[in-house]
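A quick write-up on the structure given underneath.
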Amino acid sequence: MIKTLEKRKFPVGKLTLLASARSAGKTLPYMGEEIPIQELKEDSFGGVDIALFSAGGSISKQYAPHAVSAGAVVVDNSSAFRMDDTVPLVVPEINGDDIKKSRGIIANPNCTTAITLMALWPLHVAFRVKRVIASSYQAVSGTGAQAIEELRQQVAALASGQPIQKKVYPHQIAFNVLPHVDSFLETGYTKEEMKMQNEGRRIMHHPTFKASVTCVRVPVYRAHSVAVNAEFERPVSLDKARAVLSQAPGLDVVDEPGNALYPLPLNCAEKDNCEVGRLRYDCALDNGLAFWVAGDQLLKGAALNAVQIAERI
Ligand SMILES: NC(=O)c1ccc[n+]([C@@H]2O[C@H](COP(=O)([O-])OP(=O)(O)OC[C@H]3O[C@@H](n4cnc5c(N)ncnc54)[C@H](OP(=O)(O)O)[C@@H]3O)[C@@H](O)[C@H]2O)c1
């Protein structure tokens, strides 16, 4: 988030950095200066106009109301308020105008949902989506800083013949894939898997949108990928689909399979735009399109989207 504010030349008057007591006293660089980190407290928000929250749902629930009472607008990266009808859930390219309805808190969507919708939304506008079936390939940085370290240590341990340690994931993540992201619901889906339908409905203003998703954690450091099969109400055309995707803001079409060109998480890491490719008629759905979308979930799925919301504010 700090790097994104810097890169986009956000008009910051004063940057206040808040974290846990563990980080208090450390510094982080911003615009050539070292800014000290302070411990988050209920009275931390005096004089703050915009507060970007990204410390997990329980911290958001506890402290966002204090930020709002102090006069700040909160952009919250956690899932705490995403399904609250009084809180806009926003991808600026899709429903930026919802920001005007805010009563002080604006929610930043789930990363896999935001990245998928960057490609699905323009297709929905053209053909009106009914339902999607999707599988995600999610990077370990989606779980946070400790998970990045876990993959790094497991790769190093395995390369030198040492036993691996696991704390963050229930199984070895190096050289493995885990069909398990977030906690399981009674239906057998995970919470993460249901976010695409639940959050997608709010963001696209499309209350009957359906999404059956399997979320998979893969040993990739950064950038999520999603294989999507989408069924539409109107007849689809590949030419029109390609045309609307190539004009969509925040999205690059990378689709020359004959030259082995398609979106790759390694190419999307640290890149603002998401990428879409492998576009084809779906052979198993009526009015269906299949595609592969990838994007940096720390950027479009988190920091960039939050800063874009702040820019709209
Ligand atoms: N990673 C992603 O791709 C992604 C994408 C979208 C949304 N999100 C959401 O973003 C949030 C943070 O995730 P993350 O992946 O960035 O996690 P992370 O790397 O573990 O970072 C968590 C941050 O929260 C701070 N924090 C923890 N406990 C705190 C406390 N008691 N008081 C104040 N600050 C505290 C930590 O500060 P210390 O270093 O001082 O502990 C750290 O800066 C989560 O809600 C997550 O769901 C993450």
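As shown in the structure tokens, the chain order sets the letters A, B, ...; within each chain, residues go from 1, and ligands are also counted from 1 in the order they appear.
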
**Study point:** All residues 10 Å or closer to Ile309 in chain A, only C-alpha atoms, same chain fewer than 3 positions away omitted, as a ChimeraX atom specification
**Key:** /A:52,75,90-93,96,99,106-108,303-306,312-313

Filtering to N, CA and C atoms, could you give me those residues as a PDB file, in the first residue's frame?
```
ATOM      1  N   LEU A  52      -6.457   3.424   5.552  1.00  0.00           N
ATOM      2  CA  LEU A  52      -6.402   2.160   4.812  1.00  0.00           C
ATOM      3  C   LEU A  52      -6.146   1.057   5.835  1.00  0.00           C
ATOM      4  N   VAL A  75     -11.020   2.606   4.241  1.00  0.00           N
ATOM      5  CA  VAL A  75     -11.046   1.634   3.144  1.00  0.00           C
ATOM      6  C   VAL A  75     -10.503   0.349   3.751  1.00  0.00           C
ATOM      7  N   VAL A  90     -16.338  -2.343  -3.408  1.00  0.00           N
ATOM      8  CA  VAL A  90     -16.062  -1.611  -4.649  1.00  0.00           C
ATOM      9  C   VAL A  90     -14.830  -2.106  -5.407  1.00  0.00           C
ATOM     10  N   VAL A  91     -15.023  -2.311  -6.703  1.00  0.00           N
ATOM     11  CA  VAL A  91     -13.911  -2.351  -7.671  1.00  0.00           C
ATOM     12  C   VAL A  91     -14.123  -1.102  -8.532  1.00  0.00           C
ATOM     13  N   PRO A  92     -13.258  -0.082  -8.421  1.00  0.00           N
ATOM     14  CA  PRO A  92     -13.562   1.199  -9.069  1.00  0.00           C
ATOM     15  C   PRO A  92     -13.920   1.099 -10.543  1.00  0.00           C
ATOM     16  N   GLU A  93     -13.301   0.183 -11.291  1.00  0.00           N
ATOM     17  CA  GLU A  93     -13.615   0.055 -12.729  1.00  0.00           C
ATOM     18  C   GLU A  93     -15.035  -0.460 -12.950  1.00  0.00           C
ATOM     19  N   GLY A  96     -17.518   2.015  -9.129  1.00  0.00           N
ATOM     20  CA  GLY A  96     -16.911   3.135  -8.405  1.00  0.00           C
ATOM     21  C   GLY A  96     -17.939   4.110  -7.843  1.00  0.00           C
ATOM     22  N   ILE A  99     -19.217   4.287  -4.140  1.00  0.00           N
ATOM     23  CA  ILE A  99     -18.470   4.973  -3.077  1.00  0.00           C
ATOM     24  C   ILE A  99     -19.299   6.118  -2.492  1.00  0.00           C
ATOM     25  N   ILE A 106     -15.682   1.762   3.398  1.00  0.00           N
ATOM     26  CA  ILE A 106     -15.802   1.163   2.066  1.00  0.00           C
ATOM     27  C   ILE A 106     -14.974  -0.122   2.098  1.00  0.00           C
ATOM     28  N   ALA A 107     -15.560  -1.210   1.614  1.00  0.00           N
ATOM     29  CA  ALA A 107     -14.851  -2.490   1.675  1.00  0.00           C
ATOM     30  C   ALA A 107     -14.154  -2.788   0.357  1.00  0.00           C
ATOM     31  N   ASN A 108     -12.956  -3.350   0.488  1.00  0.00           N
ATOM     32  CA  ASN A 108     -12.144  -3.791  -0.642  1.00  0.00           C
ATOM     33  C   ASN A 108     -12.447  -5.281  -0.839  1.00  0.00           C
ATOM     34  N   ALA A 303      -3.848  -3.795  -2.403  1.00  0.00           N
ATOM     35  CA  ALA A 303      -3.332  -2.425  -2.229  1.00  0.00           C
ATOM     36  C   ALA A 303      -3.765  -1.483  -3.348  1.00  0.00           C
ATOM     37  N   LEU A 304      -3.631  -1.911  -4.596  1.00  0.00           N
ATOM     38  CA  LEU A 304      -3.972  -1.012  -5.706  1.00  0.00           C
ATOM     39  C   LEU A 304      -5.460  -0.654  -5.663  1.00  0.00           C
ATOM     40  N   ASN A 305      -6.305  -1.667  -5.475  1.00  0.00           N
ATOM     41  CA  ASN A 305      -7.749  -1.400  -5.443  1.00  0.00           C
ATOM     42  C   ASN A 305      -8.097  -0.452  -4.295  1.00  0.00           C
ATOM     43  N   ALA A 306      -7.434  -0.640  -3.139  1.00  0.00           N
ATOM     44  CA  ALA A 306      -7.692   0.231  -1.979  1.00  0.00           C
ATOM     45  C   ALA A 306      -7.279   1.670  -2.291  1.00  0.00           C
ATOM     46  N   ARG A 312     -10.732   7.876  -5.607  1.00  0.00           N
ATOM     47  CA  ARG A 312     -12.108   8.276  -5.921  1.00  0.00           C
ATOM     48  C   ARG A 312     -12.694   9.096  -4.772  1.00  0.00           C
ATOM     49  N   ILE A 313     -12.350   8.729  -3.514  1.00  0.00           N
ATOM     50  CA  ILE A 313     -12.828   9.502  -2.362  1.00  0.00           C
ATOM     51  C   ILE A 313     -12.301  10.934  -2.474  1.00  0.00           C
TER      52      ILE A 313
END
```

Practice item. With only C-alpha atoms and all ligand atoms counted, collect every polymer residue having an atom within 7 Å of ligand 1; state the result as a ChimeraX atom specification. Key: /A:18-23,39-40,54-57,59,77-79,110-111,141-146,297-298,301-302

**Study point:** Contacts of Tyr137 in chain A within 6 Å, only C-alpha atoms, excl. fewer than 2 positions in-chain, as a ChimeraX atom specification
**Key:** /A:216-218,224-226

Point to revise | Contacts of Gly295 in chain A at 10 Å (only C-alpha atoms; same-chain gap of 2+ positions) as a ChimeraX atom specification | key: /A:111-112,114-116,118,222-226,251,263-276,293,297-301

Kindly save the residues from that selection, with N, CA and C atoms included, as a tab-separated table (two decimals), in the first residue's frame.
```tsv
chain	number	residue	atom	x	y	z
A	111	CYS	N	-9.59	-10.95	-3.03
A	111	CYS	CA	-8.62	-10.81	-4.12
A	111	CYS	C	-8.98	-11.66	-5.35
A	112	THR	N	-9.37	-12.91	-5.15
A	112	THR	CA	-9.69	-13.79	-6.28
A	112	THR	C	-10.92	-13.26	-7.02
A	114	ALA	N	-11.95	-10.04	-7.12
A	114	ALA	CA	-11.62	-8.80	-7.84
A	114	ALA	C	-10.91	-9.12	-9.15
A	115	ILE	N	-9.96	-10.04	-9.11
A	115	ILE	CA	-9.19	-10.36	-10.32
A	115	ILE	C	-10.09	-11.02	-11.37
A	116	THR	N	-10.96	-11.93	-10.93
A	116	THR	CA	-11.87	-12.60	-11.87
A	116	THR	C	-12.83	-11.58	-12.51
A	118	MET	N	-12.40	-8.49	-13.09
A	118	MET	CA	-11.78	-7.58	-14.05
A	118	MET	C	-11.99	-8.07	-15.48
A	222	ARG	N	3.61	-14.93	-5.75
A	222	ARG	CA	2.82	-13.73	-5.91
A	222	ARG	C	2.02	-13.79	-7.20
A	223	ALA	N	0.77	-13.40	-7.17
A	223	ALA	CA	-0.20	-13.33	-8.27
A	223	ALA	C	-1.06	-14.60	-8.32
A	224	HIS	N	-2.37	-14.37	-8.30
A	224	HIS	CA	-3.35	-15.46	-8.40
A	224	HIS	C	-3.73	-15.65	-9.88
A	225	SER	N	-4.10	-16.88	-10.22
A	225	SER	CA	-4.65	-17.18	-11.55
A	225	SER	C	-6.00	-17.88	-11.34
A	226	VAL	N	-6.90	-17.70	-12.29
A	226	VAL	CA	-8.22	-18.33	-12.17
A	226	VAL	C	-8.64	-18.86	-13.55
A	251	LEU	N	-6.98	-4.04	-17.62
A	251	LEU	CA	-6.88	-5.42	-18.10
A	251	LEU	C	-6.08	-5.47	-19.39
A	263	PRO	N	-1.55	-15.46	-19.95
A	263	PRO	CA	-1.20	-14.86	-18.66
A	263	PRO	C	-0.47	-15.85	-17.75
A	264	LEU	N	0.59	-15.37	-17.13
A	264	LEU	CA	1.37	-16.18	-16.18
A	264	LEU	C	1.51	-15.39	-14.88
A	265	PRO	N	1.37	-16.06	-13.73
A	265	PRO	CA	1.53	-15.32	-12.48
A	265	PRO	C	2.88	-14.62	-12.36
A	266	LEU	N	3.95	-15.25	-12.89
A	266	LEU	CA	5.27	-14.61	-12.79
A	266	LEU	C	5.28	-13.28	-13.55
A	267	ASN	N	4.53	-13.20	-14.66
A	267	ASN	CA	4.50	-11.95	-15.43
A	267	ASN	C	3.57	-10.92	-14.80
A	268	CYS	N	2.61	-11.38	-14.01
A	268	CYS	CA	1.65	-10.46	-13.39
A	268	CYS	C	2.15	-9.91	-12.06
A	269	ALA	N	3.15	-10.56	-11.46
A	269	ALA	CA	3.64	-10.11	-10.15
A	269	ALA	C	4.17	-8.69	-10.27
A	270	GLU	N	3.77	-7.84	-9.36
A	270	GLU	CA	4.17	-6.43	-9.28
A	270	GLU	C	3.65	-5.61	-10.46
A	271	LYS	N	2.66	-6.13	-11.17
A	271	LYS	CA	2.07	-5.39	-12.30
A	271	LYS	C	0.66	-4.96	-11.91
A	272	ASP	N	0.30	-3.71	-12.21
A	272	ASP	CA	-1.02	-3.20	-11.82
A	272	ASP	C	-2.14	-3.90	-12.59
A	273	ASN	N	-2.00	-3.98	-13.92
A	273	ASN	CA	-3.09	-4.55	-14.72
A	273	ASN	C	-3.17	-6.06	-14.53
A	274	CYS	N	-4.40	-6.58	-14.59
A	274	CYS	CA	-4.59	-8.03	-14.67
A	274	CYS	C	-4.44	-8.45	-16.13
A	275	GLU	N	-4.27	-9.75	-16.35
A	275	GLU	CA	-4.14	-10.25	-17.71
A	275	GLU	C	-5.18	-11.34	-17.96
A	276	VAL	N	-5.72	-11.39	-19.18
A	276	VAL	CA	-6.66	-12.44	-19.56
A	276	VAL	C	-6.20	-13.07	-20.87
A	293	VAL	N	-7.58	-15.95	-16.25
A	293	VAL	CA	-7.25	-14.59	-15.85
A	293	VAL	C	-6.24	-14.65	-14.70
A	297	GLN	N	-2.49	-10.30	-6.67
A	297	GLN	CA	-3.55	-10.14	-5.66
A	297	GLN	C	-3.12	-9.19	-4.55
A	298	LEU	N	-1.83	-8.86	-4.47
A	298	LEU	CA	-1.42	-7.84	-3.50
A	298	LEU	C	-1.69	-6.45	-4.05
A	299	LEU	N	-1.85	-6.35	-5.38
A	299	LEU	CA	-2.13	-5.05	-6.01
A	299	LEU	C	-3.61	-4.95	-6.34
A	300	LYS	N	-4.07	-5.50	-7.49
A	300	LYS	CA	-5.50	-5.34	-7.81
A	300	LYS	C	-6.37	-6.02	-6.76
A	301	GLY	N	-5.86	-7.11	-6.16
A	301	GLY	CA	-6.65	-7.79	-5.13
A	301	GLY	C	-6.54	-7.16	-3.76
```

Practice item. Fewer than 3 positions away in the same chain doesn't count, so skip those; otherwise give me all residues within 7 Å of Cys215 in chain A, counting only C-alpha atoms, as a PyMOL selection string. Key: chain A and resi 135-137+179-181+193

Please produce an output containing C-alpha atoms for each residue in the selection, written as a PDB file, in the first residue's frame.
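Just written: selection-v2.pdb:
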```pdb
ATOM      1  CA  SER A 135     -10.895 -22.939 -10.184  1.00  0.00           C
ATOM      2  CA  SER A 136      -8.309 -20.661  -8.604  1.00  0.00           C
ATOM      3  CA  TYR A 137      -4.534 -21.075  -8.371  1.00  0.00           C
ATOM      4  CA  PRO A 179      -7.427 -27.696  -2.494  1.00  0.00           C
ATOM      5  CA  HIS A 180      -8.078 -25.777   0.707  1.00  0.00           C
ATOM      6  CA  VAL A 181      -8.212 -21.970   1.010  1.00  0.00           C
ATOM      7  CA  GLU A 193     -14.968 -20.189  -2.550  1.00  0.00           C
TER       8      GLU A 193
END
```

Counting only C-alpha atoms, give me one row per residue of range 130-195 of chain A with an atom at most 8 Å from an atom of range 227-246 of chain A, showing the shortest contact pair and its distance in Å to one decimal, sorted by chain then residue number, as CSV.
```
residue,atom,partner,partner_atom,distance
A:Lys130,CA,A:Phe232,CA,5.1
A:Arg131,CA,A:Glu231,CA,5.5
A:Val132,CA,A:Ala230,CA,4.3
A:Ile133,CA,A:Asn229,CA,5.2
A:Ala134,CA,A:Val228,CA,4.4
A:Ser135,CA,A:Ala227,CA,5.3
A:Ser136,CA,A:Ala227,CA,6.4
```

Excluding Gln165 in chain A and its own-chain neighbours fewer than 2 positions away, which residues fall within 9 Å of it when counting only C-alpha atoms? Please give them as a CSV table (one decimal) with C-alpha atoms, in the first residue's frame.
```
chain,number,residue,atom,x,y,z
A,150,GLU,CA,7.0,-20.9,5.0
A,153,GLN,CA,11.9,-22.3,4.1
A,154,GLN,CA,10.3,-25.5,2.8
A,157,ALA,CA,14.9,-27.4,3.4
A,163,PRO,CA,12.9,-32.1,7.0
A,167,LYS,CA,3.0,-23.7,10.7
A,172,GLN,CA,3.6,-29.1,2.8
```

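Separating CA of Leu261 in chain A from CA of Pro109 in chain A is a distance of 28.6 Å.
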
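All residues of protein, DNA or RNA that reach within 12 Å of Glu42 in chain A, judged by only C-alpha atoms and not counting those fewer than 3 positions away in the chain, are Leu18, Glu39, Phe45, Gly46, Ile59, Ser60, Lys61, Gln62, Tyr63, Ala64, Pro65, His66, Ala67, Val68, Ser69 and Ala70 of chain A.
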